[in-house]
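Colleague: My structure file final_38.cif, mmCIF, C-alpha atoms, is below:
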data_structure
loop_
_atom_site.label_atom_id
_atom_site.label_comp_id
_atom_site.auth_asym_id
_atom_site.auth_seq_id
_atom_site.Cartn_x
_atom_site.Cartn_y
_atom_site.Cartn_z
CA MET A 29 0.00 0.00 0.00
CA ASP A 30 1.26 3.49 -0.87
CA ALA A 31 2.22 5.95 1.86
CA ILE A 32 -0.46 8.61 2.32
CA GLU A 33 1.87 11.45 1.28
CA ASN A 34 2.36 9.78 -2.11
CA LEU A 35 -1.40 9.70 -2.69
CA ILE A 36 -2.00 13.42 -2.14
CA PRO A 37 -2.21 15.02 -5.59
CA GLU A 38 -0.28 18.13 -6.43
CA ASP A 39 -1.84 20.85 -8.50
CA SER A 40 0.83 20.77 -11.17
CA GLY A 41 -1.49 21.18 -14.14
CA SER A 42 -1.06 17.58 -15.30
CA ALA A 43 -4.69 16.55 -14.70
CA PRO A 44 -5.50 16.50 -18.44
CA ALA A 45 -3.02 13.64 -18.90
CA LEU A 46 -4.59 11.63 -16.08
CA GLU A 47 -8.20 12.39 -16.95
CA PRO A 48 -8.45 10.31 -20.18
CA ILE A 49 -6.69 7.37 -18.55
CA ALA A 50 -9.10 7.44 -15.59
CA MET A 51 -12.17 7.74 -17.79
CA VAL A 52 -11.10 4.98 -20.22
CA ALA A 53 -10.30 2.62 -17.34
CA LEU A 54 -13.64 3.44 -15.71
CA ASP A 55 -15.47 2.84 -18.99
CA ALA A 56 -13.85 -0.58 -19.33
CA GLY A 57 -14.89 -1.43 -15.76
CA ARG A 58 -18.42 -0.13 -16.34
CA MET A 59 -18.84 -2.20 -19.50
CA LEU A 60 -17.54 -5.34 -17.78
CA MET A 61 -19.84 -4.78 -14.81
CA GLU A 62 -22.85 -4.28 -17.10
CA ALA A 63 -21.84 -7.53 -18.83
CA GLY A 64 -22.34 -9.44 -15.56
CA ALA A 65 -18.83 -9.70 -14.07
CA SER A 66 -18.02 -10.12 -10.39
CA ALA A 67 -16.27 -7.39 -8.37
CA ASN A 68 -12.84 -9.04 -8.49
CA SER A 69 -12.92 -9.22 -12.29
CA ILE A 70 -13.88 -5.54 -12.50
CA ASP A 71 -11.07 -4.62 -10.13
CA GLU A 72 -8.61 -6.64 -12.19
CA ILE A 73 -9.62 -5.26 -15.58
CA VAL A 74 -9.66 -1.63 -14.45
CA ALA A 75 -6.15 -2.05 -13.03
CA LYS A 76 -4.96 -3.61 -16.31
CA PHE A 77 -6.35 -0.75 -18.38
CA ALA A 78 -5.11 2.02 -16.09
CA ARG A 79 -1.61 0.58 -15.65
CA GLY A 80 -1.37 -0.32 -19.34
CA LEU A 81 -2.15 3.29 -20.21
CA GLY A 82 0.55 4.60 -17.87
CA ALA A 83 -0.90 4.91 -14.35
CA ASP A 84 1.43 4.04 -11.47
CA ARG A 85 -1.27 3.65 -8.83
CA VAL A 86 -4.86 2.51 -9.17
CA ASP A 87 -7.54 2.37 -6.48
CA LEU A 88 -11.11 1.43 -7.36
CA ARG A 89 -14.34 1.60 -5.39
CA ILE A 90 -17.11 -0.60 -6.80
CA GLY A 91 -20.69 0.33 -5.96
CA TYR A 92 -23.88 -1.19 -7.34
CA ALA A 93 -24.68 1.85 -9.50
CA SER A 94 -21.31 3.61 -9.82
CA LEU A 95 -17.57 3.12 -10.00
CA ALA A 96 -15.01 5.53 -8.52
CA ILE A 97 -11.31 5.44 -9.36
CA THR A 98 -8.23 7.20 -8.08
CA ILE A 99 -5.19 6.96 -10.32
CA GLY A 100 -1.78 8.45 -9.92
CA ILE A 101 1.33 9.04 -11.97
CA GLY A 102 4.34 10.14 -9.95
CA ASN A 103 3.20 12.72 -7.44
CA ASN A 104 0.00 13.56 -9.35
CA GLY A 105 -3.36 11.94 -8.96
CA ILE A 106 -7.04 12.37 -9.70
CA THR A 107 -10.31 10.77 -8.59
CA ARG A 108 -13.22 10.30 -11.00
CA MET A 109 -16.61 8.59 -10.81
CA ARG A 110 -18.77 6.91 -13.48
CA GLU A 111 -22.38 5.80 -13.37
CA VAL A 112 -23.12 2.13 -14.10
CA GLY A 113 -26.25 1.18 -16.05
CA HIS A 114 -28.47 -1.90 -15.98
CA LEU A 115 -26.56 -5.03 -14.95
CA GLY A 116 -27.21 -7.71 -17.55
CA VAL A 117 -25.16 -10.68 -18.76
CA ASN A 118 -23.18 -10.52 -22.02
CA GLN A 119 -20.34 -13.01 -22.15
CA ARG A 120 -19.14 -12.13 -25.65
CA LEU A 121 -18.58 -8.54 -24.55
CA ASP A 122 -16.87 -9.83 -21.40
CA GLN A 123 -14.56 -11.95 -23.51
CA GLU A 124 -13.77 -9.10 -25.95
CA LEU A 125 -12.98 -6.77 -23.04
CA TRP A 126 -10.46 -9.24 -21.65
CA HIS A 127 -8.81 -9.58 -25.07
CA LEU A 128 -8.57 -5.78 -25.26
CA ALA A 129 -7.21 -5.62 -21.70
CA LYS A 130 -4.45 -7.99 -22.71
CA ARG A 131 -3.43 -5.70 -25.58
CA VAL A 132 -3.62 -2.60 -23.39
CA SER A 133 -1.53 -4.18 -20.64
CA ARG A 134 1.14 -5.00 -23.27
CA LYS A 135 1.09 -1.23 -24.02
CA GLU A 136 0.10 -1.83 -27.65
CA LEU A 137 -2.56 0.90 -27.63
CA SER A 138 -2.67 4.60 -26.75
CA THR A 139 -5.45 6.05 -24.63
CA GLU A 140 -7.32 7.36 -27.69
CA GLN A 141 -7.00 4.03 -29.52
CA THR A 142 -8.28 2.22 -26.44
CA ARG A 143 -11.25 4.57 -26.19
CA ALA A 144 -12.05 3.94 -29.86
CA GLU A 145 -11.83 0.17 -29.32
CA LEU A 146 -14.19 0.37 -26.33
CA THR A 147 -16.69 2.34 -28.40
CA ARG A 148 -16.43 -0.25 -31.15
CA LEU A 149 -17.01 -3.10 -28.69
CA ALA A 150 -20.02 -1.34 -27.15
CA THR A 151 -21.70 -0.90 -30.53
CA LYS A 152 -20.46 -3.82 -32.62
CA THR A 153 -20.34 -6.83 -30.27
CA GLN A 154 -22.70 -9.39 -31.75
CA ARG A 155 -25.75 -10.73 -29.95
CA HIS A 156 -27.79 -13.80 -30.77
CA SER A 157 -31.01 -12.98 -32.59
CA ALA A 158 -34.19 -12.63 -30.54
CA TRP A 159 -35.65 -15.87 -31.92
CA VAL A 160 -32.51 -17.94 -31.34
CA MET A 161 -32.41 -16.67 -27.77
CA ALA A 162 -36.12 -17.34 -27.22
CA VAL A 163 -35.93 -20.92 -28.54
CA ALA A 164 -32.78 -21.61 -26.48
CA VAL A 165 -34.47 -20.31 -23.34
CA GLY A 166 -37.55 -22.39 -24.13
CA LEU A 167 -35.41 -25.51 -24.38
CA ALA A 168 -33.59 -24.62 -21.16
CA CYS A 169 -36.87 -24.19 -19.27
CA ALA A 170 -38.23 -27.45 -20.70
CA ALA A 171 -35.07 -29.17 -19.42
CA PHE A 172 -35.56 -27.43 -16.07
CA GLY A 173 -39.11 -28.76 -16.09
CA ARG A 174 -37.87 -32.31 -16.54
CA LEU A 175 -35.40 -31.75 -13.67
CA LEU A 176 -38.37 -30.62 -11.54
CA LYS A 177 -40.29 -33.78 -12.53
CA VAL A 178 -42.74 -32.20 -14.99
CA ASP A 179 -44.22 -35.10 -17.01
CA TRP A 180 -43.62 -35.36 -20.77
CA LEU A 181 -47.11 -34.01 -21.56
CA GLY A 182 -46.27 -30.83 -19.67
CA THR A 183 -42.80 -30.38 -21.18
CA GLY A 184 -43.98 -29.10 -24.60
CA PRO A 185 -46.19 -26.37 -23.09
CA VAL A 186 -43.29 -25.30 -20.84
CA PHE A 187 -41.08 -24.95 -23.93
CA LEU A 188 -43.68 -22.83 -25.75
CA ALA A 189 -44.55 -20.68 -22.73
CA ALA A 190 -40.90 -19.93 -21.92
CA THR A 191 -40.09 -19.22 -25.58
CA ILE A 192 -42.92 -16.69 -25.82
CA GLY A 193 -42.02 -15.29 -22.39
CA GLN A 194 -38.40 -14.68 -23.39
CA PHE A 195 -39.45 -13.02 -26.64
CA VAL A 196 -41.83 -10.70 -24.79
CA ARG A 197 -39.22 -9.99 -22.11
CA ARG A 198 -36.69 -8.90 -24.73
CA GLU A 199 -39.26 -6.67 -26.43
CA LEU A 200 -40.20 -5.06 -23.11
CA LEU A 201 -36.59 -4.47 -22.12
CA THR A 202 -35.76 -2.86 -25.48
CA ARG A 203 -38.67 -0.49 -24.75
CA HIS A 204 -37.00 0.33 -21.40
CA VAL A 205 -39.81 -1.07 -19.27
CA ASN A 206 -38.75 -1.27 -15.61
CA VAL A 207 -37.06 -4.65 -14.97
CA PHE A 208 -39.25 -5.46 -11.96
CA ILE A 209 -42.50 -4.70 -13.78
CA CYS A 210 -41.17 -6.67 -16.74
CA ALA A 211 -40.49 -9.65 -14.44
CA THR A 212 -44.10 -9.62 -13.16
CA LEU A 213 -45.63 -9.27 -16.64
CA VAL A 214 -43.52 -12.06 -18.16
CA SER A 215 -44.01 -14.29 -15.13
CA PHE A 216 -47.79 -13.86 -15.39
CA LEU A 217 -47.84 -14.50 -19.14
CA SER A 218 -45.49 -17.50 -19.11
CA SER A 219 -47.04 -19.19 -16.09
CA LEU A 220 -50.54 -18.75 -17.50
CA LEU A 221 -49.53 -20.08 -20.93
CA GLY A 222 -47.60 -22.96 -19.34
CA GLY A 223 -50.54 -23.83 -17.09
CA LEU A 224 -53.16 -23.61 -19.83
CA GLY A 225 -50.99 -25.64 -22.20
CA ALA A 226 -50.22 -28.30 -19.62
CA ARG A 227 -53.92 -28.63 -18.74
CA TRP A 228 -54.91 -28.82 -22.43
CA ALA A 229 -52.24 -31.50 -23.01
CA GLY A 230 -53.56 -33.56 -20.08
CA SER A 231 -50.49 -33.16 -17.88
CA GLU A 232 -50.72 -34.17 -14.24
CA THR A 233 -48.03 -31.69 -13.17
CA ILE A 234 -49.70 -28.39 -14.06
CA THR A 235 -48.39 -26.38 -11.08
CA THR A 236 -44.81 -27.53 -11.64
CA ALA A 237 -45.16 -26.77 -15.36
CA MET A 238 -46.23 -23.21 -14.48
CA ILE A 239 -43.19 -22.79 -12.24
CA ALA A 240 -40.83 -24.26 -14.86
CA SER A 241 -42.18 -21.78 -17.42
CA ILE A 242 -40.95 -18.81 -15.38
CA LEU A 243 -37.48 -20.08 -14.49
CA LEU A 244 -36.01 -17.92 -17.26
CA LEU A 245 -36.64 -14.99 -14.88
CA VAL A 246 -34.68 -16.35 -11.92
CA PRO A 247 -31.57 -14.13 -11.64
CA GLY A 248 -29.01 -16.93 -11.37
CA VAL A 249 -25.87 -14.97 -12.30
CA PRO A 250 -26.55 -12.04 -9.93
CA SER A 251 -27.32 -14.44 -7.07
CA VAL A 252 -24.06 -16.37 -7.55
CA ASN A 253 -22.16 -13.08 -8.08
CA ALA A 254 -23.68 -11.71 -4.84
CA LEU A 255 -22.19 -14.49 -2.78
CA ASN A 256 -18.89 -14.43 -4.70
CA ASP A 257 -18.54 -10.70 -4.07
CA ILE A 258 -19.14 -11.13 -0.33
CA LEU A 259 -16.67 -14.01 -0.15
CA GLU A 260 -14.07 -12.04 -2.11
CA GLY A 261 -14.21 -8.98 0.14
CA HIS A 262 -16.91 -6.79 -1.44
CA PRO A 263 -19.81 -7.12 1.02
CA THR A 264 -21.46 -3.83 0.04
CA LEU A 265 -21.82 -4.78 -3.61
CA GLY A 266 -22.70 -8.37 -2.71
CA SER A 267 -25.46 -7.22 -0.35
CA ALA A 268 -26.87 -4.82 -2.95
CA ARG A 269 -26.97 -7.62 -5.51
CA ALA A 270 -28.65 -9.97 -3.01
CA VAL A 271 -31.36 -7.41 -2.21
CA THR A 272 -32.02 -6.87 -5.93
CA VAL A 273 -32.26 -10.64 -6.47
CA ALA A 274 -34.76 -10.92 -3.58
CA VAL A 275 -36.94 -8.11 -4.94
CA ILE A 276 -36.92 -9.59 -8.46
CA LEU A 277 -37.99 -12.95 -7.02
CA ILE A 278 -40.90 -11.27 -5.20
CA PHE A 279 -42.05 -9.63 -8.46
CA VAL A 280 -41.67 -12.95 -10.31
CA ALA A 281 -43.70 -14.75 -7.64
CA ALA A 282 -46.39 -12.05 -7.83
CA GLY A 283 -46.76 -12.72 -11.58
CA LEU A 284 -46.93 -16.46 -10.92
CA TRP A 285 -49.57 -15.91 -8.25
CA PHE A 286 -51.72 -13.85 -10.64
CA GLY A 287 -51.31 -16.61 -13.25
CA GLN A 288 -52.41 -19.28 -10.79
CA VAL A 289 -55.44 -17.25 -9.67
CA LEU A 290 -56.56 -16.62 -13.25
CA LEU A 291 -56.04 -20.26 -14.23
CA ALA A 292 -58.17 -21.35 -11.26
CA HIS A 293 -60.94 -18.94 -12.35
CA LEU A 294 -60.78 -20.19 -15.94
CA HIS A 295 -61.15 -23.71 -14.63
CA MET B 194 -26.02 -47.25 -2.82
CA ASN B 195 -29.19 -46.90 -4.91
CA LEU B 196 -28.05 -45.36 -8.21
CA ASP B 197 -30.47 -45.45 -11.12
CA LEU B 198 -28.32 -45.08 -14.27
CA PRO B 199 -31.10 -44.07 -16.72
CA PHE B 200 -32.20 -41.41 -14.21
CA LEU B 201 -28.60 -40.20 -13.86
CA LEU B 202 -28.31 -39.98 -17.65
CA HIS B 203 -31.64 -38.12 -17.89
CA GLN B 204 -30.58 -35.57 -15.28
CA THR B 205 -27.18 -35.14 -16.94
CA VAL B 206 -28.69 -34.50 -20.39
CA CYS B 207 -31.26 -32.08 -18.95
CA GLY B 208 -28.48 -30.24 -17.08
CA ALA B 209 -26.50 -29.94 -20.32
CA ILE B 210 -29.51 -28.58 -22.27
CA ALA B 211 -30.41 -26.10 -19.52
CA ALA B 212 -26.83 -24.81 -19.24
CA ALA B 213 -26.42 -24.48 -23.02
CA GLY B 214 -29.80 -22.70 -23.30
CA PHE B 215 -28.81 -20.22 -20.65
CA GLY B 216 -25.42 -19.90 -22.37
CA VAL B 217 -27.26 -18.52 -25.41
CA LEU B 218 -29.22 -16.14 -23.15
CA PHE B 219 -25.91 -14.93 -21.71
CA ASN B 220 -24.64 -14.32 -25.26
CA ILE B 221 -21.97 -16.99 -25.26
CA GLY B 222 -20.82 -17.78 -28.82
CA PHE B 223 -21.98 -21.01 -30.50
CA ARG B 224 -18.42 -22.42 -30.50
CA SER B 225 -18.24 -22.20 -26.71
CA LEU B 226 -21.69 -23.68 -26.05
CA PRO B 227 -20.42 -27.30 -25.85
CA TRP B 228 -18.27 -26.21 -22.89
CA CYS B 229 -21.38 -24.77 -21.22
CA ALA B 230 -23.28 -28.00 -21.87
CA ALA B 231 -20.38 -30.03 -20.44
CA SER B 232 -20.29 -27.81 -17.38
CA GLY B 233 -24.05 -28.22 -16.76
CA ALA B 234 -23.87 -31.97 -17.41
CA LEU B 235 -21.02 -32.37 -14.91
CA ALA B 236 -22.89 -30.35 -12.27
CA LEU B 237 -26.10 -32.36 -12.60
CA ALA B 238 -24.27 -35.70 -12.80
CA VAL B 239 -22.39 -35.03 -9.56
CA ARG B 240 -25.47 -33.64 -7.80
CA THR B 241 -27.66 -36.58 -8.86
CA TYR B 242 -24.98 -39.08 -7.83
CA CYS B 243 -24.67 -37.43 -4.41
CA LEU B 244 -28.46 -37.23 -3.97
CA THR B 245 -29.45 -40.70 -5.10
CA GLY B 246 -26.22 -42.69 -4.93
CA LEU B 247 -24.85 -41.39 -1.64
CA GLY B 248 -28.14 -40.24 -0.07
CA TRP B 249 -26.93 -36.71 0.67
CA ASN B 250 -29.34 -33.80 1.05
CA LEU B 251 -29.83 -31.19 -1.69
CA GLU B 252 -27.59 -28.56 -0.13
CA ALA B 253 -24.63 -30.90 0.36
CA ALA B 254 -25.07 -32.38 -3.11
CA SER B 255 -25.23 -28.89 -4.67
CA PHE B 256 -22.08 -27.91 -2.79
CA ALA B 257 -20.20 -30.98 -4.04
CA ALA B 258 -21.38 -30.36 -7.62
CA ALA B 259 -20.41 -26.67 -7.56
CA LEU B 260 -17.02 -27.54 -6.05
CA THR B 261 -16.41 -30.10 -8.82
CA VAL B 262 -17.46 -27.70 -11.58
CA GLY B 263 -15.38 -24.88 -10.10
CA ALA B 264 -12.29 -27.11 -9.89
CA ALA B 265 -12.81 -28.53 -13.41
CA VAL B 266 -13.18 -25.04 -14.86
CA GLN B 267 -10.00 -23.90 -13.11
CA VAL B 268 -8.11 -26.83 -14.64
CA LEU B 269 -9.60 -26.33 -18.11
CA ARG B 270 -9.58 -22.53 -18.24
CA ALA B 271 -6.50 -22.41 -20.45
CA ARG B 272 -8.18 -24.63 -23.08
CA THR B 273 -11.40 -22.66 -23.39
CA ASP B 274 -11.80 -19.25 -24.93
CA ILE B 275 -14.48 -18.27 -22.47
CA SER B 276 -14.26 -16.44 -19.17
CA GLN B 277 -13.98 -18.71 -16.17
CA ASN B 278 -16.71 -16.83 -14.33
CA ALA B 279 -19.15 -17.51 -17.17
CA LEU B 280 -18.36 -21.18 -17.54
CA ASP B 281 -18.73 -22.19 -13.91
CA VAL B 282 -21.77 -19.99 -13.27
CA VAL B 283 -23.56 -21.27 -16.40
CA GLY B 284 -22.83 -24.84 -15.33
CA CYS B 285 -24.42 -24.24 -11.95
CA ILE B 286 -27.48 -22.37 -13.25
CA PRO B 287 -29.52 -25.61 -13.54
CA MET B 288 -28.97 -26.12 -9.80
CA VAL B 289 -30.27 -22.68 -8.74
CA PRO B 290 -33.44 -23.51 -6.77
CA GLY B 291 -35.78 -21.10 -8.56
CA SER B 292 -38.83 -23.28 -8.02
CA PHE B 293 -38.21 -23.38 -4.25
CA ALA B 294 -37.90 -19.58 -4.23
CA ALA B 295 -41.23 -19.22 -6.05
CA LYS B 296 -42.92 -21.72 -3.72
CA ALA B 297 -41.53 -19.93 -0.63
CA ILE B 298 -42.85 -16.55 -1.73
CA LEU B 299 -46.22 -18.02 -2.78
CA ALA B 300 -46.52 -19.63 0.66
CA MET B 301 -45.81 -16.22 2.24
CA PHE B 302 -48.52 -14.66 0.05
CA ALA B 303 -50.91 -17.42 1.19
CA LEU B 304 -50.01 -16.70 4.80
CA THR B 305 -51.22 -13.11 4.52
CA SER B 306 -54.51 -14.17 2.97
CA THR B 307 -57.62 -13.74 5.14
CA SER B 308 -58.77 -17.28 4.28
CA THR B 309 -55.65 -19.18 5.34
CA VAL B 310 -56.75 -22.67 6.38
CA ASP B 311 -53.71 -23.90 8.28
CA ALA B 312 -51.50 -20.90 8.99
CA SER B 313 -48.85 -22.70 11.03
CA GLU B 314 -48.33 -25.37 8.37
CA THR B 315 -48.15 -22.70 5.63
CA LEU B 316 -45.62 -20.76 7.69
CA ILE B 317 -43.45 -23.83 8.18
CA THR B 318 -43.64 -24.58 4.45
CA ALA B 319 -42.62 -21.00 3.58
CA VAL B 320 -39.72 -21.02 6.03
CA GLN B 321 -38.55 -24.45 4.89
CA PHE B 322 -38.48 -23.42 1.23
CA ALA B 323 -36.84 -20.08 2.01
CA LEU B 324 -34.13 -21.78 4.06
CA ARG B 325 -33.52 -24.36 1.34
CA VAL B 326 -33.13 -21.57 -1.24
CA THR B 327 -30.72 -19.67 1.00
CA PHE B 328 -28.62 -22.70 1.90
CA THR B 329 -28.55 -24.08 -1.65
CA ILE B 330 -27.49 -20.76 -3.20
CA GLY B 331 -24.95 -20.42 -0.40
CA ALA B 332 -23.68 -23.92 -1.12
CA ILE B 333 -23.39 -23.24 -4.86
CA GLY B 334 -21.66 -19.88 -4.37
CA THR B 335 -19.24 -21.26 -1.79
CA GLY B 336 -18.55 -24.36 -3.86
CA LEU B 337 -17.68 -22.21 -6.87
CA ALA B 338 -15.61 -19.73 -4.88
CA ILE B 339 -13.37 -22.22 -3.06
CA PRO B 340 -11.46 -23.51 -6.13
CA THR B 341 -11.12 -19.95 -7.42
CA LEU B 342 -9.75 -18.72 -4.10
CA LEU B 343 -7.45 -21.73 -3.64
CA LEU B 344 -6.24 -22.36 -7.15
CA ARG B 345 -6.37 -18.91 -8.72
CA VAL B 346 -3.34 -18.53 -10.91
CA ARG B 347 -2.77 -14.93 -11.82
CA VAL B 348 -2.15 -15.60 -15.49
CA THR B 349 -2.62 -12.86 -18.06
CA ARG B 350 -6.09 -13.32 -19.46
#
Once more with this new file: its structure as structure tokens, please.
Modeller:
Amino acid sequence: MDAIENLIPEDSGSAPALEPIAMVALDAGRMLMEAGASANSIDEIVAKFARGLGADRVDLRIGYASLAITIGIGNNGITRMREVGHLGVNQRLDQELWHLAKRVSRKELSTEQTRAELTRLATKTQRHSAWVMAVAVGLACAAFGRLLKVDWLGTGPVFLAATIGQFVRRELLTRHVNVFICATLVSFLSSLLGGLGARWAGSETITTAMIASILLLVPGVPSVNALNDILEGHPTLGSARAVTVAVILIFVAAGLWFGQVLLAHLH
Amino acid sequence: MNLDLPFLLHQTVCGAIAAAGFGVLFNIGFRSLPWCAASGALALAVRTYCLTGLGWNLEAASFAAALTVGAAVQVLRARTDISQNALDVVGCIPMVPGSFAAKAILAMFALTSTSTVDASETLITAVQFALRVTFTIGAIGTGLAIPTLLLRVRVTR
């Protein structure tokens, strides 16, 4: 750890040189966090970017909705903060960021080139098409259903309900609908479709089929990240993630409850 | 030991499909999906073996499965072009007890209803499910973290 006198910045007019490095490193960290990384990974990548671009010292504070960095070169230092957006999961972007970090840490890129690469990654990183994603999620939920002992007659409806649910979820999120409201709406729709389909098909596991149809909404990555962050020394971020997971689950259960009530009335 | 091989195979295949499906949702490239499927298959195979073959409870079996997946991913990380965090988390996604979480919250909703028939039984059900969710997620997270914390090699990624 650096002595405190080395961390006190001097007003020597060199802030413009530090500013782009801090902001590029923060942007890399923000993008990785929004792609679903744990706190340790964010810490590691920000340090790689900042040091690769010339910083001698890097200190990062990771919050749920913001990142703050202090970097120093020689006797000069600055502190900057950056807002973090919605935390999703995007592994291709994660992977591309690590490849870029490797190049930056080998000092192959200048600050401006790194900024341009980050912009390119943010706009050009490929995503699977909406239909591919929906079908894959449908298959995953059908497999989940089998793991939860849904009978074969109920498995097809689970597949269809989850496929439609994922498609609707993506449409709602692209329209910037609040994630919690989106969770309730999709949970209601998928559970109702799964339940109706399972009943129509003659399944004897209708309730389990309804639950399997909404498992696409269970925030698995944030819940595992929450515990990882706490175990790795970031209890504040881990707790914030855990609270968010709990609230999402309540909204998901509310949608399921509405679905069950409506299905009972239709019966 | 009471291991049913067709059941083990069924669970393994379902784990692989679920992990690969969620791999697509997490935007993992098609070339890396077989690794996700293998990770999910390994997790479910170990968990099912521990549950049915060794008679362990769900939490202990989930811990053993997550520990195995975490260790396997650490060993294989150099061979795969996919982040370690993604591979082990995707593998353990099929073990996240989402249905228990939903049942726990539904039981709590039922508890607040004015027409609750057997409140104490509903309360016990809600608490049991909630505890199982907490302990199972704790077991998965801890199982994944231990190999990372013990075997982490600070290689340039």
Colleague: Provide the CA of Arg174 (chain A) to CA of Val289 (chain B) distance in Å, to one decimal place.
Modeller: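 Spanning CA of Arg174 (chain A) to CA of Val289 (chain B) is a straight-line distance of 14.5 Å.
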Colleague: So which one's closest to Phe215 (chain B), B:Leu201, B:Val283, B:Leu269, B:Ala254? Using only C-alpha atoms, please.
Modeller: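 Of B:Leu201, B:Val283, B:Leu269, B:Ala254, the one nearest Phe215 (chain B) is B:Val283, counting only C-alpha atoms.
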Colleague: Do you know which residues are at most 10 Å from Gly248 (chain A) counting all atoms listed in the file, after dropping those on the same chain fewer than 5 positions away, and could you put them as a list in words?
Modeller: Leu243, Asn253, Ala254 and Val273 of chain A; Phe215, Val282, Val283, Cys285, Ile286, Pro287, Met288, Val289, Pro290, Gly291 and Ile330 of chain B
Colleague: Pick the closest to Thr272 (chain A) from A:Val289, A:Val207, A:Ile49, A:Gly102: which is it, counting all atoms listed in the file?
Modeller: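 Closest candidate: A:Val207.
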Colleague: Residues of chain B within 6 Å of chain A, using all atoms listed in the file, as a short mmCIF file (atom, residue, chain, number, x, y, z; two decimals) with C-alpha atoms, in the frame of the given file?
Modeller:
data_model
loop_
_atom_site.label_atom_id
_atom_site.label_comp_id
_atom_site.auth_asym_id
_atom_site.auth_seq_id
_atom_site.Cartn_x
_atom_site.Cartn_y
_atom_site.Cartn_z
CA CYS B 207 -31.26 -32.08 -18.95
CA ILE B 210 -29.51 -28.58 -22.27
CA ALA B 211 -30.41 -26.10 -19.52
CA GLY B 214 -29.80 -22.70 -23.30
CA VAL B 217 -27.26 -18.52 -25.41
CA LEU B 218 -29.22 -16.14 -23.15
CA PHE B 219 -25.91 -14.93 -21.71
CA ASN B 220 -24.64 -14.32 -25.26
CA ILE B 221 -21.97 -16.99 -25.26
CA ILE B 286 -27.48 -22.37 -13.25
CA GLY B 291 -35.78 -21.10 -8.56
CA ALA B 295 -41.23 -19.22 -6.05
CA GLY B 334 -21.66 -19.88 -4.37
#
Colleague: Between CA of Arg58 (chain A) and CA of Gly284 (chain B), measure the distance and give it in Å to one decimal.
Modeller: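 Result for CA of Arg58 (chain A) versus CA of Gly284 (chain B): 25.1 Å, one decimal.
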Colleague: Calculate how many Å separate CA of Met59 (chain A) from CA of Phe77 (chain A), rounding to one decimal.
Modeller: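 Result for CA of Met59 (chain A) versus CA of Phe77 (chain A): 12.6 Å, one decimal.
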